[in-house]
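Have a look at coords.cif below; it lists mmCIF, C-alpha atoms.
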```cif
data_query
loop_
_atom_site.label_atom_id
_atom_site.label_comp_id
_atom_site.auth_asym_id
_atom_site.auth_seq_id
_atom_site.Cartn_x
_atom_site.Cartn_y
_atom_site.Cartn_z
CA MET A 1 71.61 1.87 26.93
CA ASN A 2 71.17 0.87 23.26
CA SER A 3 68.39 -1.60 24.12
CA SER A 4 66.45 0.95 26.04
CA GLY A 5 67.00 3.50 23.32
CA LEU A 6 65.52 1.17 20.69
CA ALA A 7 62.52 0.27 22.86
CA ILE A 8 61.20 3.77 23.04
CA PRO A 9 60.94 4.32 19.28
CA TYR A 10 59.44 0.82 18.84
CA GLY A 11 56.87 1.49 21.49
CA GLY A 12 56.09 4.82 19.91
CA ARG A 13 55.59 3.20 16.51
CA ALA A 14 53.35 0.54 18.02
CA ILE A 15 51.22 3.17 19.66
CA PHE A 16 51.15 5.11 16.40
CA VAL A 17 50.15 2.04 14.37
CA ALA A 18 47.58 0.95 16.94
CA THR A 19 46.17 4.43 17.08
CA THR A 20 46.09 4.61 13.27
CA VAL A 21 44.31 1.24 13.04
CA ILE A 22 41.84 2.25 15.74
CA VAL A 23 41.12 5.55 14.00
CA ALA A 24 40.76 3.82 10.61
CA ILE A 25 38.39 1.18 11.99
CA MET A 26 36.39 3.82 13.82
CA ILE A 27 36.14 5.94 10.66
CA VAL A 28 34.99 2.96 8.56
CA ALA A 29 32.56 1.83 11.25
CA GLY A 30 31.27 5.37 11.68
CA TRP A 31 30.82 5.80 7.93
CA ILE A 32 28.83 2.57 7.65
CA ILE A 33 26.68 3.54 10.61
CA PHE A 34 26.16 7.00 9.11
CA GLN A 35 25.02 5.48 5.82
CA ASN A 36 22.61 3.21 7.69
CA ALA A 37 21.34 6.22 9.63
CA VAL A 38 20.76 8.07 6.35
CA SER A 39 18.80 5.07 5.02
CA LEU A 40 16.82 4.88 8.26
CA GLY A 41 16.07 8.60 8.08
CA LEU A 42 14.82 8.18 4.51
CA VAL A 43 12.50 5.34 5.56
CA GLN A 44 11.26 7.33 8.54
CA ARG A 45 10.53 10.36 6.34
CA GLN A 46 8.69 8.16 3.85
CA VAL A 47 6.68 6.59 6.68
CA ARG A 48 5.80 10.05 8.01
CA ASP A 49 4.85 11.22 4.50
CA ALA A 50 2.68 8.13 4.07
CA GLU A 51 0.97 8.81 7.42
CA VAL A 52 0.23 12.37 6.32
CA VAL A 53 -1.24 11.26 3.00
CA ARG A 54 -3.15 8.43 4.72
CA ALA A 55 -4.65 10.98 7.09
CA ARG A 56 -5.62 13.13 4.07
CA VAL A 57 -7.34 10.16 2.42
CA LEU A 58 -9.28 9.44 5.62
CA SER A 59 -10.13 13.14 5.96
CA ASP A 60 -11.31 13.20 2.33
CA GLN A 61 -13.54 10.19 2.99
CA LEU A 62 -14.96 11.72 6.18
CA ASP A 63 -15.65 15.01 4.37
CA GLU A 64 -17.41 13.15 1.57
CA GLU A 65 -19.44 11.06 4.00
CA SER A 66 -20.38 14.04 6.16
CA GLY A 67 -21.46 16.04 3.13
CA ILE A 68 -23.60 13.25 1.71
CA ARG A 69 -25.16 12.51 5.12
CA GLY A 70 -25.96 16.16 5.58
CA TYR A 71 -27.46 16.41 2.12
CA ALA A 72 -29.48 13.20 2.58
CA ALA A 73 -30.87 14.50 5.86
CA THR A 74 -31.63 18.07 4.73
CA GLN A 75 -31.59 18.10 0.91
CA ASN A 76 -29.58 21.31 1.28
CA PRO A 77 -27.06 21.61 -1.61
CA LEU A 78 -24.62 23.39 0.72
CA PHE A 79 -23.81 20.04 2.30
CA LEU A 80 -22.50 18.86 -1.10
CA GLU A 81 -19.71 21.44 -1.04
CA PRO A 82 -17.39 19.43 1.29
CA TYR A 83 -18.23 16.31 -0.69
CA ASN A 84 -17.32 17.95 -4.01
CA GLU A 85 -14.09 19.39 -2.60
CA ALA A 86 -13.02 16.04 -1.16
CA ALA A 87 -14.09 14.11 -4.28
CA ALA A 88 -11.87 16.37 -6.39
CA VAL A 89 -8.70 15.41 -4.51
CA ILE A 90 -9.23 11.92 -3.08
CA ASP A 91 -8.06 10.12 -6.25
CA GLY A 92 -4.86 12.15 -6.23
CA ASP A 93 -4.31 11.33 -2.56
CA PHE A 94 -4.89 7.64 -3.26
CA GLY A 95 -2.22 7.81 -5.98
CA ALA A 96 0.24 9.67 -3.76
CA LEU A 97 -0.22 7.14 -0.96
CA ASP A 98 0.28 4.22 -3.37
CA ARG A 99 3.52 5.72 -4.70
CA ILE A 100 4.97 6.16 -1.23
CA LEU A 101 3.98 2.62 -0.23
CA ALA A 102 5.66 1.34 -3.41
CA ALA A 103 8.87 3.15 -2.45
CA LEU A 104 8.63 1.60 1.03
CA SER A 105 8.04 -1.88 -0.48
CA ILE A 106 4.87 -2.63 1.50
CA PRO A 107 2.75 -4.70 -0.93
CA ASP A 108 0.11 -5.60 1.67
CA ALA A 109 -0.57 -1.92 2.39
CA ARG A 110 -0.76 -1.19 -1.35
CA ALA A 111 -3.36 -3.93 -1.65
CA GLN A 112 -5.35 -2.21 1.13
CA VAL A 113 -5.15 1.08 -0.80
CA ASP A 114 -6.48 -0.67 -3.91
CA HIS A 115 -9.28 -2.11 -1.79
CA GLU A 116 -10.06 1.36 -0.40
CA ARG A 117 -10.29 2.67 -3.97
CA THR A 118 -12.71 -0.11 -4.85
CA LEU A 119 -14.80 0.55 -1.73
CA HIS A 120 -14.84 4.26 -2.54
CA ALA A 121 -16.02 3.59 -6.08
CA GLN A 122 -18.75 1.28 -4.75
CA TRP A 123 -19.76 3.94 -2.24
CA VAL A 124 -19.98 6.63 -4.95
CA GLN A 125 -22.02 4.35 -7.20
CA GLY A 126 -24.22 2.72 -4.58
CA VAL A 127 -24.70 5.56 -2.09
CA VAL A 128 -23.80 8.96 -3.53
CA ALA A 129 -25.61 8.47 -6.82
CA PRO A 130 -28.96 7.36 -5.30
CA LEU A 131 -28.89 10.02 -2.59
CA THR A 132 -28.12 12.88 -4.98
CA LEU A 133 -30.73 12.13 -7.64
CA GLY A 134 -33.00 14.92 -8.78
CA SER A 135 -35.93 13.76 -6.64
CA PRO A 136 -35.25 12.65 -3.04
CA LEU A 137 -35.61 8.97 -2.22
CA LYS A 138 -38.65 8.02 -0.16
CA ASN A 139 -36.65 5.52 1.85
CA THR A 140 -32.92 6.00 2.23
CA ILE A 141 -32.37 3.57 5.12
CA ASN A 142 -31.04 0.74 2.94
CA VAL A 143 -28.79 3.11 1.01
CA GLU A 144 -27.44 4.68 4.20
CA LEU A 145 -26.94 1.25 5.76
CA ARG A 146 -24.96 0.15 2.71
CA GLY A 147 -22.93 3.35 2.96
CA LYS A 148 -22.20 2.66 6.65
CA GLN A 149 -21.06 -0.88 5.86
CA LEU A 150 -18.71 0.37 3.13
CA THR A 151 -17.27 3.14 5.30
CA ASP A 152 -16.74 0.74 8.22
CA ILE A 153 -14.73 -1.56 5.94
CA PHE A 154 -12.89 1.51 4.61
CA HIS A 155 -11.88 2.45 8.16
CA LEU A 156 -10.67 -1.10 8.81
CA ASP A 157 -8.49 -0.89 5.69
CA ASP A 158 -7.16 2.44 6.92
CA ALA A 159 -6.27 0.89 10.28
CA ARG A 160 -4.43 -1.94 8.53
CA ILE A 161 -2.44 0.56 6.46
CA ALA A 162 -1.51 2.42 9.64
CA ASP A 163 -0.38 -0.85 11.26
CA ALA A 164 1.71 -1.73 8.19
CA LEU A 165 3.41 1.68 8.23
CA SER A 166 4.15 1.35 11.92
CA ALA A 167 5.59 -2.12 11.37
CA ARG A 168 7.75 -0.85 8.47
CA GLY A 169 9.17 1.94 10.60
CA ASP A 170 9.83 -0.46 13.50
CA ALA A 171 11.55 -2.95 11.17
CA ALA A 172 13.82 -0.25 9.73
CA ASP A 173 14.71 0.90 13.24
CA ARG A 174 15.45 -2.66 14.34
CA ASP A 175 17.67 -3.25 11.27
CA PHE A 176 19.56 -0.05 11.97
CA ARG A 177 20.12 -1.00 15.58
CA ARG A 178 21.26 -4.54 14.72
CA THR A 179 23.67 -3.35 12.05
CA SER A 180 25.13 -0.61 14.23
CA ILE A 181 25.67 -2.94 17.16
CA ALA A 182 27.31 -5.60 14.96
CA ILE A 183 29.77 -3.10 13.50
CA LEU A 184 30.70 -1.71 16.90
CA VAL A 185 31.21 -5.18 18.37
CA PHE A 186 33.36 -6.23 15.41
CA ALA A 187 35.45 -3.09 15.61
CA ALA A 188 35.84 -3.34 19.38
CA SER A 189 36.93 -6.99 19.21
CA GLY A 190 39.59 -6.32 16.53
CA ILE A 191 41.50 -3.47 18.10
CA ILE A 192 43.39 -2.71 21.29
CA GLY A 193 41.18 0.30 21.79
CA ILE A 194 38.19 -1.88 22.76
CA VAL A 195 38.31 -0.29 26.17
CA LEU A 196 38.08 3.19 24.68
CA VAL A 197 35.23 2.20 22.41
CA GLY A 198 33.49 0.44 25.27
CA THR A 199 33.90 3.46 27.48
CA ALA A 200 32.45 5.73 24.81
CA MET A 201 29.49 3.42 24.37
CA MET A 202 28.95 3.29 28.14
CA ARG A 203 29.01 7.04 28.31
CA ARG A 204 26.54 7.25 25.45
CA GLN A 205 24.35 4.69 27.16
CA MET A 206 24.47 6.68 30.37
CA VAL A 207 23.43 9.80 28.48
CA MET A 208 20.56 7.91 26.84
CA GLU A 209 19.42 6.42 30.14
CA ARG A 210 19.59 9.82 31.77
CA ALA A 211 17.50 11.27 28.95
CA LEU A 212 15.03 8.38 29.27
CA ASP A 213 14.83 8.92 33.01
CA GLU A 214 14.10 12.59 32.43
CA GLN A 215 11.42 11.67 29.90
CA ARG A 216 9.88 9.20 32.34
CA MET A 217 9.87 11.83 35.06
CA LEU A 218 8.23 14.33 32.73
CA TYR A 219 5.64 11.74 31.71
CA GLU A 220 4.92 10.82 35.33
CA ASN A 221 4.57 14.49 36.27
CA GLU A 222 2.20 15.12 33.38
CA ARG A 223 0.22 11.98 34.23
CA ARG A 224 -0.12 13.01 37.87
CA VAL A 225 -1.28 16.49 36.87
CA ALA A 226 -3.67 15.04 34.30
CA ASP A 227 -4.99 12.51 36.83
CA ALA A 228 -5.76 15.32 39.24
CA LEU A 229 -7.48 17.29 36.48
CA GLN A 230 -9.49 14.25 35.40
CA GLU A 231 -10.72 13.63 38.93
CA ALA A 232 -11.57 17.30 39.34
CA PHE A 233 -13.28 17.61 35.96
CA LEU A 234 -15.56 14.56 36.16
CA ALA A 235 -18.67 15.10 38.24
CA GLU A 236 -18.22 13.06 41.43
CA ASN A 237 -21.70 13.73 42.83
CA LEU A 238 -24.69 13.87 40.53
CA PRO A 239 -27.67 16.06 41.41
CA ALA A 240 -30.54 14.53 43.38
CA VAL A 241 -33.74 15.11 41.40
CA PRO A 242 -37.18 13.85 42.48
CA ARG A 243 -38.48 10.98 40.31
CA LEU A 244 -35.11 10.67 38.54
CA LEU A 245 -32.16 8.44 39.45
CA LEU A 246 -28.82 9.33 37.85
CA SER A 247 -25.97 6.86 37.52
CA ARG A 248 -22.52 7.33 36.00
CA THR A 249 -19.21 5.57 35.46
CA TYR A 250 -15.89 6.22 33.76
CA HIS A 251 -13.30 3.59 32.78
CA PRO A 252 -9.92 4.51 31.22
CA ALA A 253 -8.46 2.46 28.39
CA SER A 254 -5.29 1.53 30.29
CA ALA A 255 -2.95 2.73 33.00
CA GLU A 256 -0.50 4.12 30.41
CA ALA A 257 -3.13 6.19 28.63
CA ARG A 258 -5.30 6.77 31.63
CA VAL A 259 -6.30 10.37 31.03
CA GLY A 260 -8.57 10.76 28.06
CA GLY A 261 -11.08 13.21 26.70
CA ASP A 262 -14.34 11.46 27.67
CA TRP A 263 -16.72 13.20 30.08
CA TYR A 264 -20.22 13.06 31.52
CA ASP A 265 -22.07 15.83 33.35
CA ALA A 266 -25.42 16.61 34.95
CA PHE A 267 -26.59 19.90 36.46
CA ASP A 268 -29.92 20.87 38.00
CA ILE A 269 -30.54 24.22 36.30
CA SER A 270 -34.09 24.69 37.63
CA GLU A 271 -37.03 22.69 38.92
CA ARG A 272 -38.12 21.93 35.35
CA ARG A 273 -34.73 21.64 33.64
CA LEU A 274 -32.04 19.07 34.32
CA LEU A 275 -29.00 19.45 32.07
CA ILE A 276 -27.24 16.26 30.96
CA SER A 277 -24.23 16.03 28.67
CA ILE A 278 -21.66 13.51 27.56
CA GLY A 279 -18.84 13.79 25.07
CA ASP A 280 -15.50 12.64 23.74
CA VAL A 281 -12.43 14.70 22.77
CA ALA A 282 -10.07 13.16 20.22
CA GLY A 283 -6.83 11.89 21.76
CA HIS A 284 -5.49 11.36 25.27
CA GLY A 285 -3.29 13.20 27.70
CA LEU A 286 -3.23 16.55 29.40
CA GLU A 287 -4.30 18.57 26.35
CA ALA A 288 -7.32 16.34 25.74
CA ALA A 289 -8.33 16.60 29.40
CA ILE A 290 -8.08 20.41 29.32
CA LEU A 291 -10.16 20.69 26.13
CA MET A 292 -12.68 18.26 27.61
CA ASN A 293 -13.19 20.57 30.57
CA ARG A 294 -13.51 23.59 28.27
CA ALA A 295 -16.24 21.83 26.30
CA ARG A 296 -18.05 20.80 29.52
CA GLN A 297 -17.93 24.30 30.92
CA SER A 298 -19.07 25.84 27.62
CA ILE A 299 -22.10 23.53 27.53
CA LEU A 300 -22.94 24.36 31.14
CA ILE A 301 -22.56 28.13 30.71
CA SER A 302 -24.54 28.17 27.46
CA SER A 303 -27.31 26.08 29.05
CA LEU A 304 -27.92 28.75 31.68
CA HIS A 305 -29.35 31.13 29.08
CA GLU A 306 -30.20 28.88 26.12
CA GLU A 307 -33.30 26.67 26.15
CA ARG A 308 -32.52 24.79 22.92
CA PRO A 309 -29.83 22.10 23.21
CA GLY A 310 -28.95 22.59 19.53
CA LYS A 311 -28.06 26.24 20.24
CA VAL A 312 -25.94 25.13 23.20
CA LEU A 313 -23.90 22.84 20.93
CA GLU A 314 -23.53 25.59 18.33
CA GLN A 315 -22.08 27.98 20.91
CA THR A 316 -19.80 25.24 22.24
CA ASN A 317 -18.63 24.43 18.71
CA ARG A 318 -17.61 28.05 18.16
CA ALA A 319 -15.83 28.15 21.52
CA ILE A 320 -13.87 25.00 20.65
CA LEU A 321 -12.77 26.41 17.28
CA VAL A 322 -11.48 29.56 18.96
CA GLN A 323 -9.33 27.61 21.45
CA ASP A 324 -8.39 24.32 19.77
CA THR A 325 -8.52 22.28 16.56
CA ARG A 326 -9.36 18.85 18.00
CA MET A 327 -12.63 17.19 17.08
CA VAL A 328 -15.22 16.77 19.82
CA THR A 329 -18.39 14.68 19.81
CA ALA A 330 -21.13 15.35 22.32
CA ILE A 331 -24.76 15.04 23.34
CA CYS A 332 -26.50 17.85 25.21
CA GLY A 333 -30.03 17.53 26.59
CA PHE A 334 -32.61 18.91 28.99
CA ILE A 335 -34.99 16.70 30.98
CA ASP A 336 -38.27 17.85 32.52
CA PRO A 337 -38.52 15.84 35.79
CA GLU A 338 -42.32 16.31 35.89
CA LYS A 339 -43.28 15.49 32.30
CA PHE A 340 -40.34 13.13 31.63
CA GLU A 341 -39.78 15.02 28.37
CA ILE A 342 -36.27 14.78 26.92
CA ASN A 343 -35.02 17.51 24.57
CA TYR A 344 -31.58 16.81 23.16
CA ALA A 345 -29.14 17.47 20.29
CA THR A 346 -26.17 15.44 19.09
CA ALA A 347 -22.85 16.38 17.47
CA GLY A 348 -21.30 13.36 15.77
CA HIS A 349 -21.89 11.26 18.90
CA PRO A 350 -23.36 7.73 19.17
CA PRO A 351 -27.14 7.93 19.62
CA PRO A 352 -28.85 7.82 23.04
CA ILE A 353 -30.69 4.67 24.08
CA LEU A 354 -34.14 4.58 25.67
CA VAL A 355 -35.06 1.35 27.46
CA ARG A 356 -38.84 0.97 27.58
CA SER A 357 -40.72 -0.35 30.59
CA ASP A 358 -41.29 -3.66 28.77
CA GLY A 359 -37.49 -4.16 28.56
CA SER A 360 -37.06 -3.32 24.86
CA SER A 361 -34.22 -0.93 23.96
CA VAL A 362 -34.15 1.49 21.03
CA PHE A 363 -31.66 4.00 19.65
CA LEU A 364 -33.13 7.51 19.60
CA PRO A 365 -32.80 9.70 16.47
CA HIS A 366 -29.56 11.63 16.07
CA ASP A 367 -27.53 13.63 13.54
CA GLY A 368 -25.09 16.53 13.45
CA LEU A 369 -21.41 16.96 12.58
CA VAL A 370 -18.65 16.66 15.14
CA MET A 371 -17.66 19.90 16.82
CA GLY A 372 -14.36 21.57 16.07
CA THR A 373 -14.59 21.32 12.27
CA ASP A 374 -16.88 24.07 10.95
CA GLU A 375 -17.89 27.29 12.68
CA SER A 376 -21.18 27.54 10.74
CA THR A 377 -22.45 24.09 11.75
CA THR A 378 -26.01 24.01 13.11
CA TYR A 379 -27.58 21.32 15.28
CA ARG A 380 -31.15 20.04 15.28
CA ASP A 381 -33.22 19.51 18.42
CA PHE A 382 -34.91 16.18 19.08
CA THR A 383 -37.65 15.32 21.59
CA ALA A 384 -38.31 11.98 23.25
CA GLN A 385 -41.00 11.11 25.79
CA ALA A 386 -40.11 8.76 28.61
CA GLN A 387 -42.44 6.91 30.97
CA PRO A 388 -42.06 5.70 34.57
CA GLY A 389 -39.86 2.60 34.72
CA GLU A 390 -37.85 3.55 31.62
CA LEU A 391 -34.11 4.23 31.34
CA LEU A 392 -32.12 6.74 29.27
CA VAL A 393 -28.52 5.73 28.44
CA LEU A 394 -25.79 8.07 27.18
CA TYR A 395 -22.32 6.67 26.44
CA THR A 396 -19.08 7.24 24.52
CA ASP A 397 -17.91 5.22 21.52
CA GLY A 398 -15.42 3.12 23.52
CA LEU A 399 -18.44 1.09 24.67
CA ILE A 400 -19.26 -0.19 21.16
CA GLU A 401 -16.03 0.04 19.15
CA TYR A 402 -13.71 -2.07 21.29
CA ASP A 403 -13.55 -4.94 18.76
CA ARG A 404 -14.04 -2.84 15.56
CA ASP A 405 -17.42 -4.50 14.89
CA ILE A 406 -19.74 -1.59 15.56
CA VAL A 407 -22.95 -3.37 14.55
CA ALA A 408 -22.29 -6.25 16.95
CA GLY A 409 -21.21 -3.75 19.61
CA GLU A 410 -24.48 -1.85 19.28
CA GLN A 411 -26.51 -5.04 19.66
CA ARG A 412 -24.56 -6.03 22.79
CA LEU A 413 -25.12 -2.56 24.20
CA LEU A 414 -28.89 -2.71 23.60
CA ALA A 415 -29.03 -6.05 25.41
CA ALA A 416 -26.89 -4.76 28.30
CA ALA A 417 -29.07 -1.64 28.62
CA SER A 418 -32.24 -3.74 28.81
CA LYS A 419 -30.65 -5.88 31.51
CA ALA A 420 -29.62 -2.78 33.52
CA ARG A 421 -33.06 -1.11 33.52
CA THR A 422 -34.00 -2.35 37.00
CA SER A 423 -30.51 -1.99 38.52
CA LEU A 424 -29.77 0.57 41.22
CA ASP A 425 -26.55 1.41 39.37
CA PRO A 426 -27.36 0.97 35.67
CA ALA A 427 -24.14 2.61 34.39
CA ASN A 428 -21.82 0.15 36.13
CA SER A 429 -24.17 -2.71 35.32
CA ILE A 430 -23.82 -1.91 31.59
CA LEU A 431 -20.03 -1.55 31.86
CA ASN A 432 -19.63 -4.86 33.70
CA THR A 433 -21.88 -6.69 31.25
CA ILE A 434 -20.08 -5.40 28.13
CA PHE A 435 -16.57 -5.96 29.46
CA ALA A 436 -17.16 -9.15 31.42
CA ASP A 437 -14.67 -11.09 29.25
CA THR A 438 -12.50 -8.36 27.72
CA ALA A 439 -10.95 -4.99 28.50
CA PRO A 440 -11.79 -1.68 26.81
CA VAL A 441 -9.31 -0.41 24.23
CA ASP A 442 -10.58 3.16 24.54
CA ASP A 443 -11.94 5.30 27.36
CA VAL A 444 -15.56 4.63 28.30
CA ALA A 445 -17.99 7.05 29.94
CA ILE A 446 -21.64 6.18 30.72
CA LEU A 447 -24.43 8.37 32.12
CA THR A 448 -27.93 6.96 32.76
CA VAL A 449 -31.22 8.48 33.90
CA SER A 450 -33.91 6.25 35.44
CA PHE A 451 -37.49 7.59 35.32
CA ARG A 452 -39.51 6.64 38.39
CA SER A 453 -43.13 6.97 39.35
CA ALA A 454 -42.23 8.16 42.84
#
```
In structure tokens, what does this structure look like?
Amino acid sequence: MNSSGLAIPYGGRAIFVATTVIVAIMIVAGWIIFQNAVSLGLVQRQVRDAEVVRARVLSDQLDEESGIRGYAATQNPLFLEPYNEAAAVIDGDFGALDRILAALSIPDARAQVDHERTLHAQWVQGVVAPLTLGSPLKNTINVELRGKQLTDIFHLDDARIADALSARGDAADRDFRRTSIAILVFAASGIIGIVLVGTAMMRRQMVMERALDEQRMLYENERRVADALQEAFLAENLPAVPRLLLSRTYHPASAEARVGGDWYDAFDISERRLLISIGDVAGHGLEAAILMNRARQSILISSLHEERPGKVLEQTNRAILVQDTRMVTAICGFIDPEKFEINYATAGHPPPILVRSDGSSVFLPHDGLVMGTDESTTYRDFTAQAQPGELLVLYTDGLIEYDRDIVAGEQRLLAAASKARTSLDPANSILNTIFADTAPVDDVAILTVSFRSA
């Protein structure tokens, strides 16, 4: 009787002590994990802030470049307004970005910011100053080429900064995960309540897996819907026009990001007017696909009553600004199947290519700001004359920017276009030639028109 009476209080004390130890260890472990989570949250906020400021710096640079290009092309002082506004704030944004990177302890990214500052100063001195002198330069090609080289390097620096920020956020997340797991394992191995802790972790894992499964299902549903939209939006059958042969192809960047915002289109409006268009909406996914279709339809509808392709792009630009804030590049043109005359306008899109009958390839003139940025933007019309045996090539930027060397990409494209001139399917011939040894990192759309004597 006495032995059993003593055992009950002893067992109760043991349970009390064990419970107290378990609770104490859990509190200490939880507090350490909480502090690590606070530190991780601070790093994540700093990374997000740096991304925002980085985007502002890039936006400032694009505004400056667009303004100077517009002024160089038109000598209209109104184009200097976005340049002046961006120039007034870009130094402050550089400083803000450098301070955040210093707090994040990313010296390599800070070096890139310093390099961007140097490139910007060189661009102001070597490009802005000559192009904004009192009397216009007779030949601005060298100045504009120098400006393009500087801005291309600037964009490479920006991409490196973005990669460094992503790596910093990933490293902080990995450190948090490692520390949290170590504390939980230590606590679980030192107490009788390892089963309880393990059960709680299993339950949490089950919740996380369930949430991930739900996210995967949502992603798969969105991808299936977007796939169906993409197939419906892209023109499967091109119009049959006497003396013209149309060829098209579309290649997504990858299976994970299959649905993008690239499109091509052709529509036989009348016997003397064939509408062609190609464009690229920023981003991927369902929203990009929907905006892509809106832009396509706006171009088609406007072309039914507008004869100038520049006016078509202006109406499309206003329609995009009413519905969305994404940037859209595009080319819109009309082809006369009898005269082989090409009237077109461009909005921030890579220039068309005309392959001559002797096999030489040239970029056609182009200008114009991207759509979705300014409601008052106007677009100039261009005219090109084709001959029998020649080939017109329209494409999206994924065809030349896949290795971040745009100049080399343009040269490869000119060579591939010349090679495809006599092919029965020039679009796929160009795609296969360019990506014979590599895969595209962005969506690619190609539309070609072959001019034939019969």
message = Can you pull out the residues contacting Tyr83 in chain A? Cut-off 8 Å, using all atoms listed in the file, and skip same-chain residues under 4 positions away; I want them as a list in words.
response =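 What passes the distance filter is Asp63, Glu64, Glu65, Ser66, Gly67, Ile68, Phe79 and Ala87 of chain A.
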request  = Rank nothing, just name the residue among A:Pro426, A:Pro130, A:Pro107, A:Gly348 nearest to Tyr71 in chain A, using all atoms listed in the file.
outcome  = A:Pro130
key: Given all atoms listed in the file as the counted atoms, nearest of A:Pro351, A:Pro440, A:Gly389, A:Gly398 to Ser418 in chain A   =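 Of A:Pro351, A:Pro440, A:Gly389, A:Gly398, the one nearest Ser418 in chain A, counting all atoms listed in the file, is A:Gly389.
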query = Which one of A:Leu424, A:Ala188, A:Pro337, A:Leu304 sits closest to Val23 in chain A if you count all atoms listed in the file?
reply =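 Of A:Leu424, A:Ala188, A:Pro337, A:Leu304, the one nearest Val23 in chain A is A:Ala188, counting all atoms listed in the file.
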task = With a distance cut-off of 8 Å and all atoms listed in the file, select the neighbouring residues of range 242-249 of chain A, excluding the residue or stretch itself and same-chain residues fewer than 6 positions from it, and output the selection as number ranges by chain.
result = A: 264, 337-338, 425-428, 445-454
request  = Give the answer as one residue: which of A:Gly285, A:Leu42, A:Val322, A:Asp157 has the shortest atom-to-atom distance to Pro252 in chain A, using all atoms listed in the file?
outcome  =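 Closest to Pro252 in chain A, using all atoms listed in the file: A:Gly285.
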query = If the PyMOL selection byres ((chain A and resi 335) around 9) is run on the structure shown, which residues does it catch, given as a PyMOL selection string?
reply = chain A and resi 272-276+333-334+336-344
message = Could you check which residues have any atom within 12 Å of (-25.5, 29.2, 20.8), counting only C-alpha atoms with coordinates taken straight from the file, and then list them as number ranges by chain?
response = A: 298-319, 375-379
task = Tell me which protein, DNA and RNA residues are within 9 Å of Ala288 in chain A, counting all atoms listed in the file, leaving out same-chain ones fewer than 2 positions away, and put them as a VMD selection string.
result = chain A and resid 259 to 262 281 to 286 290 to 293 326
message = Please determine, counting only C-alpha atoms, which residue among A:Val47, A:Ala439, A:Leu364, A:Ser59 has the shortest atom-to-atom distance to Ala253 in chain A.
response = A:Ala439
ask   = Hey, what's within 12 Å of Ala420 in chain A if we count all atoms listed in the file and toss same-chain stuff fewer than 6 positions away? As an MDAnalysis selection string, please?
value = chainID A and resid 247 354:357 359:361 389:393 413:414 426:434 448:450
key: Straight-line distance linking CA of Arg421 in chain A with CA of Thr396 in chain A, stated in Å to one decimal   =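 CA of Thr396 in chain A lies at a distance of 18.6 Å from CA of Arg421 in chain A.
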task = Measure the distance from CA of Ile183 in chain A to CA of Glu209 in chain A in Å and round it to one decimal.
result = 21.8 Å
task = Mind giving me the straight-line distance from CA of Gly372 in chain A to CA of Ser270 in chain A in Å, one decimal?
result = 29.4 Å
